[in-house]
$ cat start.txt   # compact mmCIF, C-alpha atoms
# COMPACT_ATOMS: atom_id res chain seq x y z
CA MET A 30 32.58 82.98 19.13
CA THR A 31 33.04 82.64 22.92
CA ALA A 32 35.36 80.18 24.61
CA SER A 33 32.48 78.17 26.01
CA SER A 34 30.80 77.83 22.59
CA SER A 35 34.08 76.77 20.91
CA LEU A 36 34.61 74.05 23.56
CA PHE A 37 31.03 72.88 23.07
CA ASN A 38 31.50 72.56 19.29
CA LEU A 39 35.02 71.07 19.31
CA PRO A 40 34.09 67.39 19.82
CA LEU A 41 31.48 67.60 17.07
CA ILE A 42 34.01 69.03 14.61
CA ARG A 43 36.52 66.31 15.47
CA PHE A 44 33.92 63.50 15.28
CA ARG A 45 32.71 64.58 11.85
CA SER A 46 36.22 64.84 10.49
CA LEU A 47 37.26 61.41 11.78
CA SER A 48 38.19 58.92 9.02
CA LEU A 49 39.76 55.48 9.15
CA PRO A 50 42.81 54.95 6.97
CA SER A 51 43.05 51.63 5.15
CA SER A 52 45.90 50.56 7.43
CA SER A 53 43.57 50.69 10.43
CA SER A 54 41.77 47.58 9.19
CA ARG A 55 44.34 45.51 11.03
CA PHE A 56 43.07 47.03 14.28
CA LEU A 57 39.33 46.97 13.50
CA ARG A 58 37.76 43.82 12.01
CA LEU A 59 34.28 44.34 10.61
CA PRO A 60 32.01 41.32 10.07
CA PRO A 61 31.35 40.34 6.44
CA PRO A 62 28.02 41.41 4.98
CA LEU A 63 25.16 38.96 5.44
CA SER A 64 24.18 36.85 2.43
CA PRO A 65 20.86 37.83 0.90
CA LEU A 66 17.97 35.84 2.37
CA ARG A 67 16.87 34.71 -1.08
CA SER A 68 20.02 32.55 -1.39
CA VAL A 69 18.73 30.14 1.29
CA THR A 70 15.99 27.91 -0.07
CA ILE A 71 14.58 24.65 1.28
CA SER A 72 12.30 22.60 -0.91
CA PRO A 73 9.46 20.71 0.79
CA ARG A 74 11.19 17.37 0.23
CA LYS A 75 14.50 18.64 1.60
CA PHE A 76 12.75 20.16 4.60
CA ARG A 77 11.26 16.79 5.39
CA ALA A 78 14.78 15.43 5.82
CA PHE A 79 15.11 17.44 9.01
CA SER A 80 12.33 15.46 10.66
CA GLY A 81 14.75 12.63 11.47
CA THR A 82 18.48 11.96 11.42
CA THR A 83 18.08 8.65 9.58
CA THR A 84 16.54 10.34 6.56
CA MET A 85 19.23 13.03 6.51
CA THR A 86 22.12 10.56 6.50
CA THR A 87 20.59 8.18 3.98
CA ASP A 88 19.63 11.15 1.79
CA ALA A 89 23.31 11.95 1.34
CA LYS A 90 24.48 8.34 1.16
CA ASP A 91 22.08 7.41 -1.65
CA ALA A 92 22.73 10.48 -3.79
CA GLY A 93 23.52 8.25 -6.78
CA MET A 94 20.07 6.68 -6.79
CA ASP A 95 18.01 7.10 -9.97
CA ALA A 96 16.07 10.36 -9.66
CA VAL A 97 12.64 8.85 -10.30
CA GLN A 98 13.18 5.92 -7.94
CA ARG A 99 14.63 8.28 -5.33
CA ARG A 100 11.51 10.46 -5.43
CA LEU A 101 9.25 7.44 -5.05
CA MET A 102 11.34 6.01 -2.20
CA PHE A 103 11.07 9.20 -0.14
CA GLU A 104 7.62 10.48 -1.09
CA ASP A 105 5.54 7.28 -1.26
CA GLU A 106 4.08 6.22 2.09
CA CYS A 107 3.46 2.49 2.38
CA ILE A 108 0.75 1.00 4.59
CA LEU A 109 2.19 -0.81 7.62
CA VAL A 110 0.22 -3.86 8.75
CA ASP A 111 0.55 -6.67 11.27
CA GLU A 112 0.49 -10.33 10.29
CA THR A 113 -3.31 -10.34 10.34
CA ASP A 114 -3.35 -7.49 7.76
CA ARG A 115 -4.55 -4.93 10.30
CA VAL A 116 -3.31 -1.41 9.53
CA VAL A 117 -0.89 -0.24 12.24
CA GLY A 118 0.67 2.86 10.64
CA HIS A 119 2.63 4.06 7.63
CA ASP A 120 6.20 4.81 6.64
CA SER A 121 8.22 5.82 3.60
CA LYS A 122 8.93 3.28 0.90
CA TYR A 123 12.61 3.88 1.69
CA ASN A 124 12.31 2.87 5.35
CA CYS A 125 10.03 -0.07 4.58
CA HIS A 126 12.60 -1.64 2.25
CA LEU A 127 15.72 -1.29 4.40
CA MET A 128 16.62 -4.77 5.66
CA GLU A 129 17.86 -3.29 8.95
CA ASN A 130 14.33 -1.98 9.59
CA ILE A 131 12.72 -5.21 8.44
CA GLU A 132 14.89 -7.27 10.77
CA ALA A 133 15.09 -4.92 13.77
CA LYS A 134 11.58 -3.43 13.67
CA ASN A 135 9.78 -6.22 11.80
CA LEU A 136 8.29 -3.63 9.42
CA LEU A 137 5.65 -5.32 7.28
CA HIS A 138 3.81 -3.45 4.53
CA ARG A 139 0.84 -4.17 2.29
CA ALA A 140 1.54 -4.94 -1.37
CA PHE A 141 -0.10 -6.37 -4.47
CA SER A 142 0.90 -8.50 -7.45
CA VAL A 143 -1.11 -8.29 -10.68
CA PHE A 144 -1.35 -11.25 -13.09
CA LEU A 145 -2.81 -10.00 -16.37
CA PHE A 146 -3.78 -12.53 -19.05
CA ASN A 147 -4.82 -11.76 -22.62
CA SER A 148 -7.73 -13.46 -24.40
CA ASN A 149 -5.37 -16.27 -25.46
CA TYR A 150 -4.74 -16.91 -21.76
CA GLU A 151 -1.12 -15.86 -22.00
CA LEU A 152 0.38 -14.16 -18.96
CA LEU A 153 2.05 -10.75 -19.32
CA LEU A 154 5.46 -10.64 -17.63
CA GLN A 155 7.85 -7.75 -17.11
CA GLN A 156 11.56 -7.46 -16.48
CA ARG A 157 12.14 -4.83 -13.84
CA SER A 158 14.31 -1.91 -14.93
CA LYS A 159 17.95 -1.57 -14.03
CA ALA A 160 17.07 1.56 -12.03
CA LYS A 161 14.85 -0.30 -9.56
CA VAL A 162 16.22 -0.19 -6.01
CA THR A 163 15.04 -3.70 -5.11
CA PHE A 164 15.50 -6.67 -7.45
CA PRO A 165 16.62 -4.81 -10.60
CA LEU A 166 16.49 -6.69 -13.92
CA VAL A 167 14.61 -9.70 -12.53
CA TRP A 168 11.60 -11.13 -14.38
CA THR A 169 8.31 -11.04 -12.56
CA ASN A 170 4.54 -10.98 -12.96
CA THR A 171 2.70 -8.19 -14.76
CA CYS A 172 2.96 -5.53 -12.05
CA CYS A 173 4.10 -5.55 -8.42
CA SER A 174 3.80 -2.55 -6.12
CA HIS A 175 2.14 -1.09 -3.01
CA PRO A 176 -1.12 0.59 -2.14
CA LEU A 177 -0.23 3.93 -0.58
CA TYR A 178 -1.39 5.49 2.67
CA ARG A 179 -4.15 7.53 1.07
CA GLU A 180 -7.92 7.35 1.39
CA SER A 181 -8.63 5.75 -1.99
CA GLU A 182 -6.10 2.96 -1.39
CA LEU A 183 -6.97 2.22 2.23
CA ILE A 184 -10.49 1.00 1.42
CA GLU A 185 -10.63 -2.57 2.71
CA GLU A 186 -14.09 -3.63 1.51
CA ASN A 187 -13.60 -6.18 -1.29
CA ALA A 188 -9.93 -5.10 -1.42
CA LEU A 189 -11.03 -1.98 -3.28
CA GLY A 190 -8.07 0.11 -2.07
CA VAL A 191 -5.62 -2.46 -3.39
CA ARG A 192 -7.50 -2.70 -6.69
CA ASN A 193 -7.40 1.11 -7.03
CA ALA A 194 -3.64 0.99 -6.45
CA ALA A 195 -3.22 -1.75 -9.05
CA GLN A 196 -5.02 0.33 -11.66
CA ARG A 197 -2.79 3.32 -10.83
CA LYS A 198 0.45 1.35 -11.11
CA LEU A 199 -0.48 -0.43 -14.33
CA LEU A 200 -0.65 3.03 -15.88
CA ASP A 201 2.58 4.20 -14.20
CA GLU A 202 4.64 1.16 -15.13
CA LEU A 203 3.11 -0.19 -18.32
CA GLY A 204 1.07 2.68 -19.74
CA ILE A 205 -2.13 0.64 -19.49
CA VAL A 206 -4.99 3.13 -19.26
CA ALA A 207 -7.67 2.81 -16.58
CA GLU A 208 -10.40 2.14 -19.15
CA ASP A 209 -8.60 -1.06 -20.17
CA VAL A 210 -8.37 -2.37 -16.60
CA PRO A 211 -11.54 -1.37 -14.69
CA VAL A 212 -11.17 -1.96 -10.96
CA ASP A 213 -14.23 -4.23 -10.98
CA GLU A 214 -12.45 -6.60 -13.39
CA PHE A 215 -9.68 -7.49 -10.90
CA THR A 216 -10.26 -10.70 -8.94
CA PRO A 217 -8.38 -10.84 -5.62
CA LEU A 218 -7.61 -14.54 -5.25
CA GLY A 219 -5.60 -14.62 -2.04
CA ARG A 220 -2.96 -13.12 0.20
CA MET A 221 0.54 -14.27 1.11
CA LEU A 222 3.14 -13.06 3.59
CA TYR A 223 6.82 -13.39 2.71
CA LYS A 224 10.26 -11.90 3.43
CA ALA A 225 13.07 -11.70 0.87
CA PRO A 226 16.44 -9.87 0.99
CA SER A 227 17.55 -8.22 -2.26
CA ASP A 228 21.20 -7.15 -2.01
CA GLY A 229 21.95 -7.06 1.70
CA LYS A 230 20.85 -3.46 2.21
CA TRP A 231 17.41 -3.69 0.61
CA GLY A 232 14.66 -6.28 0.76
CA GLU A 233 10.95 -7.03 0.91
CA HIS A 234 8.65 -7.94 3.77
CA GLU A 235 5.17 -7.86 2.36
CA LEU A 236 1.63 -8.95 2.86
CA ASP A 237 0.87 -9.39 -0.81
CA TYR A 238 -2.58 -9.36 -2.46
CA LEU A 239 -2.69 -11.56 -5.58
CA LEU A 240 -4.90 -9.97 -8.24
CA PHE A 241 -5.91 -11.69 -11.48
CA ILE A 242 -7.45 -10.05 -14.53
CA VAL A 243 -8.15 -11.20 -18.11
CA ARG A 244 -8.08 -8.29 -20.58
CA ASP A 245 -6.61 -7.42 -23.95
CA VAL A 246 -4.69 -4.19 -23.37
CA LYS A 247 -2.33 -1.78 -25.10
CA VAL A 248 1.04 -1.73 -23.35
CA GLU A 249 3.53 1.16 -23.42
CA PRO A 250 6.21 0.36 -20.83
CA ASN A 251 7.77 3.13 -18.75
CA PRO A 252 11.58 2.67 -19.06
CA ASP A 253 12.10 4.00 -15.54
CA GLU A 254 10.16 0.99 -14.28
CA VAL A 255 10.32 -1.74 -16.93
CA ALA A 256 13.20 -3.02 -19.06
CA GLU A 257 11.26 -5.53 -21.17
CA ILE A 258 7.89 -7.29 -21.43
CA LYS A 259 6.64 -10.57 -22.87
CA TYR A 260 3.53 -12.72 -22.95
CA VAL A 261 4.06 -16.37 -22.04
CA SER A 262 1.99 -19.52 -22.28
CA ARG A 263 2.15 -22.16 -19.55
CA GLU A 264 4.90 -23.94 -21.46
CA GLY A 265 6.73 -20.67 -21.99
CA LEU A 266 6.66 -19.97 -18.25
CA LYS A 267 7.94 -23.47 -17.45
CA GLU A 268 10.87 -22.86 -19.79
CA LEU A 269 11.55 -19.52 -18.11
CA VAL A 270 11.61 -21.22 -14.70
CA ARG A 271 13.93 -23.94 -16.03
CA LYS A 272 16.39 -21.33 -17.31
CA ALA A 273 16.29 -19.44 -14.01
CA ASP A 274 16.97 -22.64 -12.08
CA ALA A 275 19.85 -23.52 -14.39
CA GLY A 276 21.29 -20.02 -14.28
CA GLU A 277 21.05 -19.72 -18.05
CA GLU A 278 21.29 -16.30 -19.72
CA GLY A 279 21.66 -14.69 -16.29
CA LEU A 280 17.90 -14.97 -15.96
CA LYS A 281 16.39 -14.42 -12.51
CA LEU A 282 12.83 -14.43 -11.19
CA SER A 283 11.55 -12.23 -8.37
CA PRO A 284 11.08 -14.15 -5.09
CA TRP A 285 7.39 -13.26 -4.78
CA PHE A 286 6.68 -14.37 -8.35
CA ARG A 287 8.50 -17.65 -7.76
CA LEU A 288 6.44 -18.28 -4.62
CA VAL A 289 3.22 -17.80 -6.59
CA VAL A 290 4.48 -20.02 -9.43
CA ASP A 291 5.45 -22.81 -7.03
CA ASN A 292 2.35 -22.66 -4.84
CA PHE A 293 -0.66 -21.34 -6.77
CA LEU A 294 -0.24 -20.25 -10.37
CA MET A 295 -0.79 -23.41 -12.40
CA LYS A 296 -4.02 -24.40 -10.66
CA TRP A 297 -5.27 -20.82 -10.85
CA TRP A 298 -4.36 -20.76 -14.56
CA ASP A 299 -6.88 -23.60 -15.01
CA HIS A 300 -9.59 -21.33 -13.60
CA VAL A 301 -8.47 -18.50 -15.90
CA GLU A 302 -9.00 -20.71 -18.94
CA LYS A 303 -12.31 -22.11 -17.69
CA GLY A 304 -13.64 -18.70 -16.65
CA THR A 305 -14.11 -19.92 -13.07
CA LEU A 306 -11.74 -17.66 -11.13
CA GLY A 307 -14.46 -17.03 -8.56
CA GLU A 308 -14.17 -20.63 -7.43
CA ALA A 309 -10.50 -20.14 -6.52
CA VAL A 310 -10.98 -17.09 -4.29
CA ASP A 311 -9.75 -17.45 -0.70
CA MET A 312 -9.31 -14.08 0.95
CA LYS A 313 -9.65 -15.40 4.50
CA THR A 314 -6.34 -17.24 4.55
CA ILE A 315 -2.99 -15.45 4.73
CA HIS A 316 -0.40 -17.89 3.38
CA LYS A 317 2.90 -17.52 5.24
CA LEU A 318 5.59 -18.56 2.77
$ encode --input "start.txt" --output "structure tokens"
Amino acid sequence: MTASSSLFNLPLIRFRSLSLPSSSSRFLRLPPPLSPLRSVTISPRKFRAFSGTTTMTTDAKDAGMDAVQRRLMFEDECILVDETDRVVGHDSKYNCHLMENIEAKNLLHRAFSVFLFNSNYELLLQQRSKAKVTFPLVWTNTCCSHPLYRESELIEENALGVRNAAQRKLLDELGIVAEDVPVDEFTPLGRMLYKAPSDGKWGEHELDYLLFIVRDVKVEPNPDEVAEIKYVSREGLKELVRKADAGEEGLKLSPWFRLVVDNFLMKWWDHVEKGTLGEAVDMKTIHKL
């Protein structure tokens, strides 16, 4: 081996033999290994939270909300309307029911209230479940909810979209199958516009379609939505109202149901019994109550 070749090879020999003792870790800090990519997952619903800071903060703040109601609040898109019932947009059920949005942005959404009578002309009532975000455990009419921002529930001709939504929610809340409540059997009698706070944070601001139907149905309440049900006669309803007014048994009525009772229900009940509901229809007027 020549001198020149030994000098040429010397650095290579030293480089290959180089090792770092454990004590050298205090001089050389290596970054920790990266976590596997599979450990970072974002579900579609969680990803949606990044579309706005309001949703992100409320998502954390309302972590104790019932899981079913939470899903509905964030996934259901209500139909926003103006006071003439013209569609102006859509927003989540969550945002539509925050009183701060109702007051600051005047958010108004389309809704419906179903009044289902049996062949004895008794009205089916429900007590809303404890898990409901707005007005839990209050007594109300058969079914109250919202048409969603989807093609089948946006149809305005003869209020078909609202009637489709009513059929959907009667199944969801009360287990009443579609065959028992055909959409053509609903009679839209009128519309009303009202605002009602629930607990300070939540409330309602709705343009509400009032739908009547007379059918004998099989009812299987969904406990996530309904705590109790009962059929009442006129006299039974009057007694329920009396108890609510007197504060007996902690009984409360929903504000929209009470508005209908006080303004329309008894005269419309006459038409139910006579089979003349068509004579009571007034879909041109929007009653501001």
$ closest_residue --input "start.txt" --among "A:Tyr260, A:Trp298, A:Trp231, A:Phe293" --to "Pro165 of chain A" --atoms "only C-alpha atoms"
A:Trp231
$ atom_distance --input "start.txt" --atom1 "atom CA of Val255 of chain A" --atom2 "atom CA of Val167 of chain A"
10.1 Å
$ closest_residue --input "start.txt" --among "A:Glu182, A:Tyr123, A:Arg263, A:Leu166" --to "Asp299 of chain A" --atoms "all atoms listed in the file"
A:Arg263
$ atom_distance --input "start.txt" --atom1 "atom CA of Asp114 of chain A" --atom2 "atom CA of Pro176 of chain A"
13.0 Å
$ residues_around --input "start.txt" --residues "Leu177 of chain A" --least-positions-apart "4" --cutoff "7 Å" --atoms "all atoms listed in the file" --output "list in words"
Asp105, Glu106, Cys107, Ile108 and Glu182 of chain A
$ closest_residue --input "start.txt" --among "A:Ala275, A:Ala256, A:Leu280, A:Ala309" --to "Thr216 of chain A" --atoms "only C-alpha atoms"
A:Ala309
$ atom_distance --input "start.txt" --atom1 "atom CA of Ser181 of chain A" --atom2 "atom CA of Asn193 of chain A"
7.0 Å
$ residues_around --input "start.txt" --residues "segment 147-162 of chain A" --least-positions-apart "2" --cutoff "8 Å" --atoms "only C-alpha atoms" --output "ChimeraX atom specification"
/A:94-95,98,144-145,164-172,231,243-246,252-263,301-302
$ write_last_selection --input "start.txt" --atoms "C-alpha atoms" --output "PDB file, in the frame of the given file"
ATOM      1  CA  MET A  94      20.070   6.680  -6.790  1.00  0.00           C
ATOM      2  CA  ASP A  95      18.010   7.100  -9.970  1.00  0.00           C
ATOM      3  CA  GLN A  98      13.180   5.920  -7.940  1.00  0.00           C
ATOM      4  CA  PHE A 144      -1.350 -11.250 -13.090  1.00  0.00           C
ATOM      5  CA  LEU A 145      -2.810 -10.000 -16.370  1.00  0.00           C
ATOM      6  CA  PHE A 164      15.500  -6.670  -7.450  1.00  0.00           C
ATOM      7  CA  PRO A 165      16.620  -4.810 -10.600  1.00  0.00           C
ATOM      8  CA  LEU A 166      16.490  -6.690 -13.920  1.00  0.00           C
ATOM      9  CA  VAL A 167      14.610  -9.700 -12.530  1.00  0.00           C
ATOM     10  CA  TRP A 168      11.600 -11.130 -14.380  1.00  0.00           C
ATOM     11  CA  THR A 169       8.310 -11.040 -12.560  1.00  0.00           C
ATOM     12  CA  ASN A 170       4.540 -10.980 -12.960  1.00  0.00           C
ATOM     13  CA  THR A 171       2.700  -8.190 -14.760  1.00  0.00           C
ATOM     14  CA  CYS A 172       2.960  -5.530 -12.050  1.00  0.00           C
ATOM     15  CA  TRP A 231      17.410  -3.690   0.610  1.00  0.00           C
ATOM     16  CA  VAL A 243      -8.150 -11.200 -18.110  1.00  0.00           C
ATOM     17  CA  ARG A 244      -8.080  -8.290 -20.580  1.00  0.00           C
ATOM     18  CA  ASP A 245      -6.610  -7.420 -23.950  1.00  0.00           C
ATOM     19  CA  VAL A 246      -4.690  -4.190 -23.370  1.00  0.00           C
ATOM     20  CA  PRO A 252      11.580   2.670 -19.060  1.00  0.00           C
ATOM     21  CA  ASP A 253      12.100   4.000 -15.540  1.00  0.00           C
ATOM     22  CA  GLU A 254      10.160   0.990 -14.280  1.00  0.00           C
ATOM     23  CA  VAL A 255      10.320  -1.740 -16.930  1.00  0.00           C
ATOM     24  CA  ALA A 256      13.200  -3.020 -19.060  1.00  0.00           C
ATOM     25  CA  GLU A 257      11.260  -5.530 -21.170  1.00  0.00           C
ATOM     26  CA  ILE A 258       7.890  -7.290 -21.430  1.00  0.00           C
ATOM     27  CA  LYS A 259       6.640 -10.570 -22.870  1.00  0.00           C
ATOM     28  CA  TYR A 260       3.530 -12.720 -22.950  1.00  0.00           C
ATOM     29  CA  VAL A 261       4.060 -16.370 -22.040  1.00  0.00           C
ATOM     30  CA  SER A 262       1.990 -19.520 -22.280  1.00  0.00           C
ATOM     31  CA  ARG A 263       2.150 -22.160 -19.550  1.00  0.00           C
ATOM     32  CA  VAL A 301      -8.470 -18.500 -15.900  1.00  0.00           C
ATOM     33  CA  GLU A 302      -9.000 -20.710 -18.940  1.00  0.00           C
TER      34      GLU A 302
END
$ closest_residue --input "start.txt" --among "A:Val117, A:Leu109, A:Leu294, A:Leu306" --to "His138 of chain A" --atoms "all atoms listed in the file"
A:Leu109
$ closest_residue --input "start.txt" --among "A:Gly279, A:Gly265, A:Gly204, A:Pro284" --to "Lys224 of chain A" --atoms "all atoms listed in the file"
A:Pro284
$ residues_around --input "start.txt" --residues "Thr314 of chain A" --least-positions-apart "5" --cutoff "9 Å" --atoms "only C-alpha atoms" --output "number ranges by chain"
A: 219-221
$ residues_near_point --input "start.txt" --point "(-10.8, -5.1, 3.9)" --cutoff "12 Å" --atoms "all atoms listed in the file" --output "PDB file with C-alpha atoms, in the coordinates of the input"
ATOM      1  CA  THR A 113      -3.310 -10.340  10.340  1.00  0.00           C
ATOM      2  CA  ASP A 114      -3.350  -7.490   7.760  1.00  0.00           C
ATOM      3  CA  ARG A 115      -4.550  -4.930  10.300  1.00  0.00           C
ATOM      4  CA  VAL A 116      -3.310  -1.410   9.530  1.00  0.00           C
ATOM      5  CA  ARG A 139       0.840  -4.170   2.290  1.00  0.00           C
ATOM      6  CA  GLU A 182      -6.100   2.960  -1.390  1.00  0.00           C
ATOM      7  CA  LEU A 183      -6.970   2.220   2.230  1.00  0.00           C
ATOM      8  CA  ILE A 184     -10.490   1.000   1.420  1.00  0.00           C
ATOM      9  CA  GLU A 185     -10.630  -2.570   2.710  1.00  0.00           C
ATOM     10  CA  GLU A 186     -14.090  -3.630   1.510  1.00  0.00           C
ATOM     11  CA  ASN A 187     -13.600  -6.180  -1.290  1.00  0.00           C
ATOM     12  CA  ALA A 188      -9.930  -5.100  -1.420  1.00  0.00           C
ATOM     13  CA  LEU A 189     -11.030  -1.980  -3.280  1.00  0.00           C
ATOM     14  CA  GLY A 190      -8.070   0.110  -2.070  1.00  0.00           C
ATOM     15  CA  VAL A 191      -5.620  -2.460  -3.390  1.00  0.00           C
ATOM     16  CA  ARG A 192      -7.500  -2.700  -6.690  1.00  0.00           C
ATOM     17  CA  PRO A 217      -8.380 -10.840  -5.620  1.00  0.00           C
ATOM     18  CA  ARG A 220      -2.960 -13.120   0.200  1.00  0.00           C
ATOM     19  CA  TYR A 238      -2.580  -9.360  -2.460  1.00  0.00           C
ATOM     20  CA  MET A 312      -9.310 -14.080   0.950  1.00  0.00           C
ATOM     21  CA  LYS A 313      -9.650 -15.400   4.500  1.00  0.00           C
TER      22      LYS A 313
END
$ closest_residue --input "start.txt" --among "A:Leu136, A:Asp228, A:Phe146, A:Arg271" --to "His300 of chain A" --atoms "all atoms listed in the file"
A:Phe146
